[in-house]
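K.L.:
Mind having a look at this structure? Questions to follow.
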Amino acid sequence: MNKGEEVLAEAVAVLGGVPRDGQTQMANAIWDLSRDQVLLVQAGTGTGKSLGYLAPLLTEAVEESRRVVISTATLILQRQLVGGDIPAVQKAVKKVLGKAPRIALLKGWTNYVCKLKTMAPEDQAGLFDELEVTATGAEVLRIREWAEETSTGDRDDMSPGVTDKIWRGVSVTKTECVGESCPFATECFPRNARKAAAEADVVVTNHSILGVQAMTEAELLGEFDVLVVDEAHELDGRIRSQGTVEISDASLLRLARLARRATGVPAAKIEEAASALAQGLKESVSGRIKALPSGLHGALVSAGSAMRDALETIGDGKENSDNKKRVARAELISAIDSIDAILIDDPAVRVNWITEDAEGRRRLCSAPLDVARPIASRLYGNHKVVATSATLCLGNSFDAMANRLGAQLAGTWKGLDVGSPFDYPHQAIMYIPQLPQPGRDGPSPQLLAEIGELVKASGGGALCLFTSRRAAQLGGEYLREHTDLPVFVQGEDYLPSLIKAFREDGNAVLAGTISLWQGVDIPGPACRLVTIDRIPFPRPDDPITSALSDAANAAGRSGFTGVSLVHAALLLAQGAGRLVRTSSDKGMVALLDPRLYSKGYGRFLLSSLPKMWPTRSQEVAVGALARLKDNVGL
């Protein structure tokens, strides 16, 4: 038994758990991993993958002085690691090796309270004239008291919490932070968090921080030896999101105001460019733009030139500490970078598109096409890399995800599926009824009737997943009309509140869209039926999907297979994964799209799912759900 295994066994004992084969496989594979290798580990729900990577890597952090960075996609997992799994492994490492590694949590700037912002306006010495302070007086007083007591300033540590609107009034972005001129500079929570991270052996952060590191020249993480990407199936999307920029006439007018207040000089040229951009957006069609129209191109060039002139007026910022000038300068530089990115205007490099909100306001957006290369070059390097998730092996192969995550560009990589401790054939039924092929007009009457029969048979406990908001609303309306069960529909309340109500009721229905397909953890009979209305292919008019598909086709590969089918397989596996969360859970996943059997690509999708017991008989399905309702079992 190596030290990593010894620590794992001790950590499992600390948590009062039992050893799991998948954890041991994972820990040993990580222990044997070379410094320049990438390991993709598919670890099914219930494996306890966090301990599987924490045990060997925290051991290495102490034994070999290796600095470890662990990134998660969600705050829930981040809290789980810092609040439970990591302290257990720290204790185990200390018992085995006599020393525990130092741990630090690193988040984005706005996750921390700003002490200066909680002061009364008259005490802020005009430092925040440009910032919108929206917090009410009573809440500010409460936050001020908490800010004096907390050692972290982390929003997640504040209980009870406050709304996003209130928090915006007491936090700042890195750009807005007044830096060394602040009277609380030595007490600054985000600065101290970064200092602690720089000195720690193990840093727990998130994919957004990785995105900034990958897509910019920023060095937020410092030197490190090992990178763990948990919830790795979300990494490429988060990285692309960090590289996505947008510009609008409203944002240009805001920049004009910032420049005018910083210099006292009218910003007429920026305002003129804003008008030209508004006209160009009005004359263009929403959606993907393969080549910028001349009107938009000219407006962007004029805007960039006007903002560079404003920068010259403001100066280089080295000789003054005027907060207005410093903020304006940072905002102008960011906007110029955004415009330069859009003006690349090369569909092989970036995808540009126009989006319109419910009020008819338009924005010009741009996203990087290839994120695998920056991931490989800026994050992997000569590091030991572990990327793990419950869904990495799609169609019985790791190749698709290795391509998306940059592993194929990083040199040597390998995939490992450690399975799941759950007995899916005995815990879950996969039901695919014979229904009409889905069309473009929303859920068919037959599909809604099928969902209604299943929900009535199960007596609720149903998570009904839909691929569009309209379908979810129609599904919710149908179930309210045809059952006497409580029906919660996404969009009718704060989503965490709906999930909480669904979980606590035990016999309710929760209908929703993509937000519910991932990250929802409802163990037990409160979620005994999961219905999925159709294969979750991306919308054909989605600009990023369209551009990625075109790039794949141009390279001689299939855009449908390499982009749309992989997207669908990943999301379908995530959706089906909402059912079985513990070894005692039992239930049914109803896949209501007949293309899973009638189309050749259905085999790829089905092979990406847990091996549940299959049936196409409604009689069998309804009977099984009725037994579950009566607590008889499948």
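By order in the structure tokens, chains are A, B, ...; within a chain, residues start at 1; ligands start at 1, following the order shown.
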List the spatial neighbours of Asp249 (chain A) as a ChimeraX atom specification - criterion: any atom at most 12 Å away, only C-alpha atoms, same-chain residues fewer than 2 positions off excluded.
P.N.:
/A:246-247,251-256,270-282,296,299-300,303,361-364
K.L.:
Just C-alpha atoms for this one: save the residues we selected as a short mmCIF file (atom, residue, chain, number, x, y, z; two decimals), in the first residue's frame.
P.N.:
data_model
loop_
_atom_site.label_atom_id
_atom_site.label_comp_id
_atom_site.auth_asym_id
_atom_site.auth_seq_id
_atom_site.Cartn_x
_atom_site.Cartn_y
_atom_site.Cartn_z
CA GLU A 246 -19.83 42.09 -26.26
CA ILE A 247 -20.34 45.70 -27.25
CA SER A 251 -22.03 50.29 -23.31
CA LEU A 252 -20.33 52.88 -25.52
CA LEU A 253 -22.46 55.67 -24.06
CA ARG A 254 -21.50 54.52 -20.56
CA LEU A 255 -17.83 54.65 -21.56
CA ALA A 256 -18.36 58.15 -22.91
CA ILE A 270 -17.43 57.98 -28.61
CA GLU A 271 -21.06 59.13 -28.55
CA GLU A 272 -21.05 59.44 -32.35
CA ALA A 273 -19.63 55.94 -32.63
CA ALA A 274 -22.40 54.71 -30.31
CA SER A 275 -25.03 56.18 -32.63
CA ALA A 276 -23.37 54.59 -35.66
CA LEU A 277 -23.24 51.23 -33.87
CA ALA A 278 -26.91 51.47 -32.93
CA GLN A 279 -27.78 52.10 -36.57
CA GLY A 280 -25.58 49.23 -37.76
CA LEU A 281 -27.17 46.83 -35.26
CA LYS A 282 -30.63 47.95 -36.30
CA LEU A 296 -20.88 47.66 -38.10
CA ALA A 299 -18.75 51.92 -36.27
CA LEU A 300 -16.36 49.63 -34.38
CA ALA A 303 -15.31 53.60 -31.55
CA ARG A 361 -31.99 46.04 -27.21
CA ARG A 362 -29.26 44.61 -29.39
CA ARG A 363 -25.64 43.68 -28.62
CA LEU A 364 -22.78 42.53 -30.79
#
K.L.:
Do you know which residues are at most 9 Å from Thr74 (chain A) counting only C-alpha atoms, after dropping those on the same chain fewer than 3 positions away, and could you put them as a PDB file with all heavy atoms, in the first residue's frame?
P.N.:
ATOM      1  N   LEU A  77     -19.920  22.326  -5.023  1.00  0.00           N
ATOM      2  CA  LEU A  77     -18.804  21.388  -4.867  1.00  0.00           C
ATOM      3  C   LEU A  77     -17.633  22.063  -4.163  1.00  0.00           C
ATOM      4  O   LEU A  77     -16.945  21.443  -3.342  1.00  0.00           O
ATOM      5  CB  LEU A  77     -18.368  20.844  -6.225  1.00  0.00           C
ATOM      6  CG  LEU A  77     -17.185  19.858  -6.193  1.00  0.00           C
ATOM      7  CD1 LEU A  77     -17.472  18.691  -5.255  1.00  0.00           C
ATOM      8  CD2 LEU A  77     -16.864  19.344  -7.593  1.00  0.00           C
ATOM      9  N   GLN A  78     -17.412  23.324  -4.451  1.00  0.00           N
ATOM     10  CA  GLN A  78     -16.333  24.054  -3.793  1.00  0.00           C
ATOM     11  C   GLN A  78     -16.545  24.058  -2.275  1.00  0.00           C
ATOM     12  O   GLN A  78     -15.612  23.803  -1.499  1.00  0.00           O
ATOM     13  CB  GLN A  78     -16.292  25.485  -4.333  1.00  0.00           C
ATOM     14  CG  GLN A  78     -14.968  26.196  -4.149  1.00  0.00           C
ATOM     15  CD  GLN A  78     -14.960  27.532  -4.878  1.00  0.00           C
ATOM     16  OE1 GLN A  78     -15.696  28.441  -4.509  1.00  0.00           O
ATOM     17  NE2 GLN A  78     -14.149  27.655  -5.901  1.00  0.00           N
ATOM     18  N   ARG A  79     -17.776  24.323  -1.857  1.00  0.00           N
ATOM     19  CA  ARG A  79     -18.089  24.322  -0.418  1.00  0.00           C
ATOM     20  C   ARG A  79     -17.951  22.929   0.164  1.00  0.00           C
ATOM     21  O   ARG A  79     -17.496  22.753   1.301  1.00  0.00           O
ATOM     22  CB  ARG A  79     -19.508  24.862  -0.194  1.00  0.00           C
ATOM     23  CG  ARG A  79     -19.632  26.373  -0.336  1.00  0.00           C
ATOM     24  CD  ARG A  79     -20.941  26.870   0.219  1.00  0.00           C
ATOM     25  NE  ARG A  79     -22.078  26.428  -0.571  1.00  0.00           N
ATOM     26  CZ  ARG A  79     -22.613  27.130  -1.562  1.00  0.00           C
ATOM     27  NH1 ARG A  79     -22.093  28.298  -1.896  1.00  0.00           N
ATOM     28  NH2 ARG A  79     -23.649  26.675  -2.229  1.00  0.00           N
ATOM     29  N   ASN A 206     -12.151  27.972  -9.077  1.00  0.00           N
ATOM     30  CA  ASN A 206     -13.267  27.607  -9.951  1.00  0.00           C
ATOM     31  C   ASN A 206     -12.885  27.801 -11.417  1.00  0.00           C
ATOM     32  O   ASN A 206     -11.887  28.423 -11.744  1.00  0.00           O
ATOM     33  CB  ASN A 206     -14.513  28.417  -9.601  1.00  0.00           C
ATOM     34  CG  ASN A 206     -14.253  29.907  -9.640  1.00  0.00           C
ATOM     35  OD1 ASN A 206     -13.980  30.479 -10.691  1.00  0.00           O
ATOM     36  ND2 ASN A 206     -14.316  30.560  -8.484  1.00  0.00           N
ATOM     37  N   HIS A 207     -13.735  27.261 -12.296  1.00  0.00           N
ATOM     38  CA  HIS A 207     -13.441  27.280 -13.733  1.00  0.00           C
ATOM     39  C   HIS A 207     -13.396  28.697 -14.301  1.00  0.00           C
ATOM     40  O   HIS A 207     -12.734  28.929 -15.320  1.00  0.00           O
ATOM     41  CB  HIS A 207     -14.478  26.462 -14.497  1.00  0.00           C
ATOM     42  CG  HIS A 207     -14.444  24.986 -14.204  1.00  0.00           C
ATOM     43  ND1 HIS A 207     -13.518  24.415 -13.372  1.00  0.00           N
ATOM     44  CD2 HIS A 207     -15.231  23.961 -14.654  1.00  0.00           C
ATOM     45  CE1 HIS A 207     -13.732  23.109 -13.312  1.00  0.00           C
ATOM     46  NE2 HIS A 207     -14.762  22.815 -14.081  1.00  0.00           N
ATOM     47  N   GLU A 231     -15.664  18.332 -12.252  1.00  0.00           N
ATOM     48  CA  GLU A 231     -16.779  18.728 -13.125  1.00  0.00           C
ATOM     49  C   GLU A 231     -16.211  19.190 -14.480  1.00  0.00           C
ATOM     50  O   GLU A 231     -16.579  20.221 -15.037  1.00  0.00           O
ATOM     51  CB  GLU A 231     -17.602  19.841 -12.469  1.00  0.00           C
ATOM     52  CG  GLU A 231     -18.196  19.418 -11.130  1.00  0.00           C
ATOM     53  CD  GLU A 231     -18.844  20.549 -10.371  1.00  0.00           C
ATOM     54  OE1 GLU A 231     -18.190  21.612 -10.199  1.00  0.00           O
ATOM     55  OE2 GLU A 231     -19.996  20.401  -9.938  1.00  0.00           O
ATOM     56  N   GLY A 519     -26.384  19.154 -11.970  1.00  0.00           N
ATOM     57  CA  GLY A 519     -26.134  19.705 -10.643  1.00  0.00           C
ATOM     58  C   GLY A 519     -27.253  19.570  -9.645  1.00  0.00           C
ATOM     59  O   GLY A 519     -27.088  19.935  -8.477  1.00  0.00           O
TER      60      GLY A 519
END
K.L.:
List every residue of region 529-574 of chain A that DSSP, applied to the backbone, labels as strand (DSSP E), and write the result as a PyMOL selection string.
P.N.:
chain A and resi 529-532
K.L.:
Enumerate, in order of chain and increasing residue number, the residues of region 438-474 of chain A with an atom no farther than 9 Å from region 587-611 of chain A, each with its shortest atom pair and distance in Å to one decimal, counting only C-alpha atoms, as CSV.
P.N.:
residue,atom,partner,partner_atom,distance
A:Pro438,CA,A:Asp593,CA,6.9
A:Leu447,CA,A:Leu592,CA,7.1
A:Glu450,CA,A:Leu592,CA,8.4
A:Ile451,CA,A:Leu592,CA,8.6
A:Leu454,CA,A:Ala590,CA,8.6
K.L.:
Could those residues be written to a file, using all heavy atoms, as a tab-separated table (two decimals), in the first residue's frame?
P.N.:
chain	number	residue	atom	x	y	z
A	438	PRO	N	-40.43	13.81	-32.60
A	438	PRO	CA	-40.67	15.20	-32.19
A	438	PRO	C	-40.56	16.17	-33.36
A	438	PRO	O	-39.74	15.99	-34.27
A	438	PRO	CB	-39.57	15.47	-31.15
A	438	PRO	CG	-38.53	14.44	-31.41
A	438	PRO	CD	-39.24	13.24	-31.95
A	447	LEU	N	-47.07	12.96	-26.46
A	447	LEU	CA	-45.98	13.05	-25.50
A	447	LEU	C	-46.49	13.55	-24.15
A	447	LEU	O	-46.15	13.00	-23.09
A	447	LEU	CB	-44.87	13.96	-26.02
A	447	LEU	CG	-43.63	14.10	-25.13
A	447	LEU	CD1	-42.36	14.14	-25.95
A	447	LEU	CD2	-43.71	15.36	-24.27
A	450	GLU	N	-48.33	10.86	-22.43
A	450	GLU	CA	-47.40	9.85	-21.90
A	450	GLU	C	-46.81	10.31	-20.57
A	450	GLU	O	-46.76	9.55	-19.60
A	450	GLU	CB	-46.29	9.58	-22.91
A	450	GLU	CG	-45.33	8.46	-22.52
A	450	GLU	CD	-45.96	7.08	-22.66
A	450	GLU	OE1	-46.59	6.81	-23.69
A	450	GLU	OE2	-45.81	6.29	-21.70
A	451	ILE	N	-46.38	11.56	-20.52
A	451	ILE	CA	-45.83	12.10	-19.27
A	451	ILE	C	-46.90	12.07	-18.18
A	451	ILE	O	-46.63	11.68	-17.04
A	451	ILE	CB	-45.32	13.54	-19.47
A	451	ILE	CG1	-44.11	13.56	-20.42
A	451	ILE	CG2	-44.94	14.17	-18.13
A	451	ILE	CD1	-43.61	14.95	-20.75
A	454	LEU	N	-47.33	8.52	-16.78
A	454	LEU	CA	-46.20	8.13	-15.95
A	454	LEU	C	-46.23	8.84	-14.60
A	454	LEU	O	-45.99	8.23	-13.55
A	454	LEU	CB	-44.88	8.43	-16.68
A	454	LEU	CG	-44.63	7.65	-17.98
A	454	LEU	CD1	-43.36	8.17	-18.66
A	454	LEU	CD2	-44.52	6.16	-17.71
K.L.:
Of the residues A:Arg66, A:Arg142, A:Lys117, A:Lys195, which is the one nearest to Val170 (chain A), using only C-alpha atoms?
P.N.:
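Answer, going by the shortest atom-to-atom distance: A:Lys117.
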K.L.:
Identify, on the basis of only C-alpha atoms, every residue whose closest approach to region 381-388 of chain A does not exceed 10 Å; exclude the query and any residue fewer than 2 positions from it along the same chain; express the result as a PyMOL selection string.
P.N.:
chain A and resi 26+29-30+33-44+49-50+53+68-71+224-233+235+375-379+390-392+402+405+407+410-411+413+415-417
K.L.:
Which polymer residues have any atom within 10 Å of an atom of Ile544 (chain A), counting only C-alpha atoms, with same-chain residues fewer than 2 positions away left out, as number ranges by chain?
P.N.:
A: 240, 288, 350-353, 366-369, 538, 540-542, 546-550
K.L.:
Take the residues from that selection and put them in a file with N, CA and C atoms, as a short mmCIF file (atom, residue, chain, number, x, y, z; two decimals), in the first residue's frame.
P.N.:
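The result, written out as part.cif:
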data_model
loop_
_atom_site.label_atom_id
_atom_site.label_comp_id
_atom_site.auth_asym_id
_atom_site.auth_seq_id
_atom_site.Cartn_x
_atom_site.Cartn_y
_atom_site.Cartn_z
N ARG A 240 -14.68 29.28 -22.72
CA ARG A 240 -15.19 30.08 -23.84
C ARG A 240 -15.97 31.29 -23.34
N ARG A 288 -25.92 34.71 -36.05
CA ARG A 288 -24.50 34.63 -36.39
C ARG A 288 -24.15 35.51 -37.58
N ARG A 350 -12.84 33.34 -34.51
CA ARG A 350 -13.89 33.76 -33.58
C ARG A 350 -15.24 33.71 -34.27
N VAL A 351 -16.28 33.57 -33.49
CA VAL A 351 -17.64 33.61 -34.02
C VAL A 351 -18.30 34.88 -33.50
N ASN A 352 -18.83 35.70 -34.41
CA ASN A 352 -19.53 36.93 -34.06
C ASN A 352 -21.03 36.75 -34.27
N TRP A 353 -21.82 37.37 -33.41
CA TRP A 353 -23.26 37.30 -33.60
C TRP A 353 -23.95 38.48 -32.93
N SER A 366 -18.99 38.25 -29.43
CA SER A 366 -17.94 37.50 -30.10
C SER A 366 -17.33 36.50 -29.12
N ALA A 367 -17.10 35.28 -29.58
CA ALA A 367 -16.52 34.24 -28.73
C ALA A 367 -15.40 33.53 -29.49
N PRO A 368 -14.39 33.06 -28.76
CA PRO A 368 -13.32 32.29 -29.43
C PRO A 368 -13.85 30.95 -29.90
N LEU A 369 -13.42 30.52 -31.07
CA LEU A 369 -13.87 29.24 -31.59
C LEU A 369 -13.12 28.09 -30.93
N PRO A 538 -28.27 20.74 -29.62
CA PRO A 538 -28.23 22.21 -29.57
C PRO A 538 -29.09 22.80 -30.68
N PRO A 540 -30.07 24.58 -33.90
CA PRO A 540 -29.29 24.73 -35.14
C PRO A 540 -28.88 26.16 -35.42
N ASP A 541 -29.61 27.13 -34.84
CA ASP A 541 -29.26 28.53 -35.06
C ASP A 541 -28.35 29.08 -33.96
N ASP A 542 -27.90 28.21 -33.03
CA ASP A 542 -26.96 28.67 -32.02
C ASP A 542 -25.65 29.05 -32.70
N SER A 546 -23.08 26.38 -34.50
CA SER A 546 -23.01 26.50 -35.96
C SER A 546 -21.58 26.70 -36.44
N ALA A 547 -20.84 27.57 -35.75
CA ALA A 547 -19.46 27.84 -36.15
C ALA A 547 -18.56 26.63 -35.91
N LEU A 548 -18.74 25.96 -34.78
CA LEU A 548 -17.94 24.76 -34.50
C LEU A 548 -18.22 23.65 -35.52
N SER A 549 -19.49 23.51 -35.89
CA SER A 549 -19.86 22.50 -36.89
C SER A 549 -19.24 22.82 -38.24
N ASP A 550 -19.28 24.10 -38.64
CA ASP A 550 -18.67 24.50 -39.91
C ASP A 550 -17.17 24.22 -39.90
#
K.L.:
Excluding Asp630 (chain A) and its own-chain neighbours fewer than 5 positions away, which residues fall within 12 Å of it when counting only C-alpha atoms? Please give them as a ChimeraX atom specification.
P.N.:
/A:457-460,507,525,623-625
K.L.:
So what do you get for CA of Thr118 (chain A) versus CA of Leu210 (chain A), distance-wise?
P.N.:
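Calculated distance between CA of Thr118 (chain A) and CA of Leu210 (chain A) is 29.5 Å.
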K.L.:
Can you list, as a VMD selection string, every protein, DNA or RNA residue that comes within 8 Å of Ser171 (chain A) when you count only C-alpha atoms, leaving out same-chain residues fewer than 6 positions away?
P.N.:
chain A and resid 110 to 114 117
K.L.:
Please dump the current selection as a PDB file, in the first residue's frame; keep N, CA and C atoms.
P.N.:
ATOM      1  N   THR A 110     -15.466  39.868  -6.887  1.00  0.00           N
ATOM      2  CA  THR A 110     -16.779  40.307  -6.406  1.00  0.00           C
ATOM      3  C   THR A 110     -17.415  39.338  -5.411  1.00  0.00           C
ATOM      4  N   ASN A 111     -16.766  38.221  -5.132  1.00  0.00           N
ATOM      5  CA  ASN A 111     -17.283  37.303  -4.120  1.00  0.00           C
ATOM      6  C   ASN A 111     -16.971  37.775  -2.707  1.00  0.00           C
ATOM      7  N   TYR A 112     -16.162  38.849  -2.593  1.00  0.00           N
ATOM      8  CA  TYR A 112     -15.739  39.332  -1.277  1.00  0.00           C
ATOM      9  C   TYR A 112     -16.330  40.714  -1.002  1.00  0.00           C
ATOM     10  N   VAL A 113     -16.670  40.973   0.260  1.00  0.00           N
ATOM     11  CA  VAL A 113     -17.185  42.276   0.633  1.00  0.00           C
ATOM     12  C   VAL A 113     -16.051  43.301   0.613  1.00  0.00           C
ATOM     13  N   CYS A 114     -16.376  44.511   0.220  1.00  0.00           N
ATOM     14  CA  CYS A 114     -15.412  45.615   0.230  1.00  0.00           C
ATOM     15  C   CYS A 114     -15.695  46.470   1.468  1.00  0.00           C
ATOM     16  N   LYS A 117     -16.753  50.031   0.736  1.00  0.00           N
ATOM     17  CA  LYS A 117     -18.116  50.213   0.231  1.00  0.00           C
ATOM     18  C   LYS A 117     -19.161  50.152   1.338  1.00  0.00           C
TER      19      LYS A 117
END
K.L.:
Could you tell me which of A:Lys107, A:Arg557, A:Arg326, A:Arg470 comes closest to Cys177 (chain A) if we count only C-alpha atoms?
P.N.:
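Using only C-alpha atoms, the shortest distance to Cys177 (chain A) belongs to A:Arg326.
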K.L.:
Could you go through region 212-299 of chain A and tell me which residues DSSP, when run on the backbone, assigns to helix (DSSP H, G or I), listing them as number ranges by chain?
P.N.:
A: 212-215, 232-242, 249-263, 268-283, 294-299
K.L.:
Hey, what's within 8 Å of Leu409 (chain A) if we count only C-alpha atoms and toss same-chain stuff fewer than 3 positions away? As a list of chain:residue names, please?
P.N.:
A:Ala372, A:Arg373, A:Ala376, A:Asn403, A:Gly406
K.L.:
Find the distance between CA of Glu187 (chain A) and CA of Glu145 (chain A) and write it in Å to one decimal.
P.N.:
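That distance, rounded to one decimal, is 14.8 Å.
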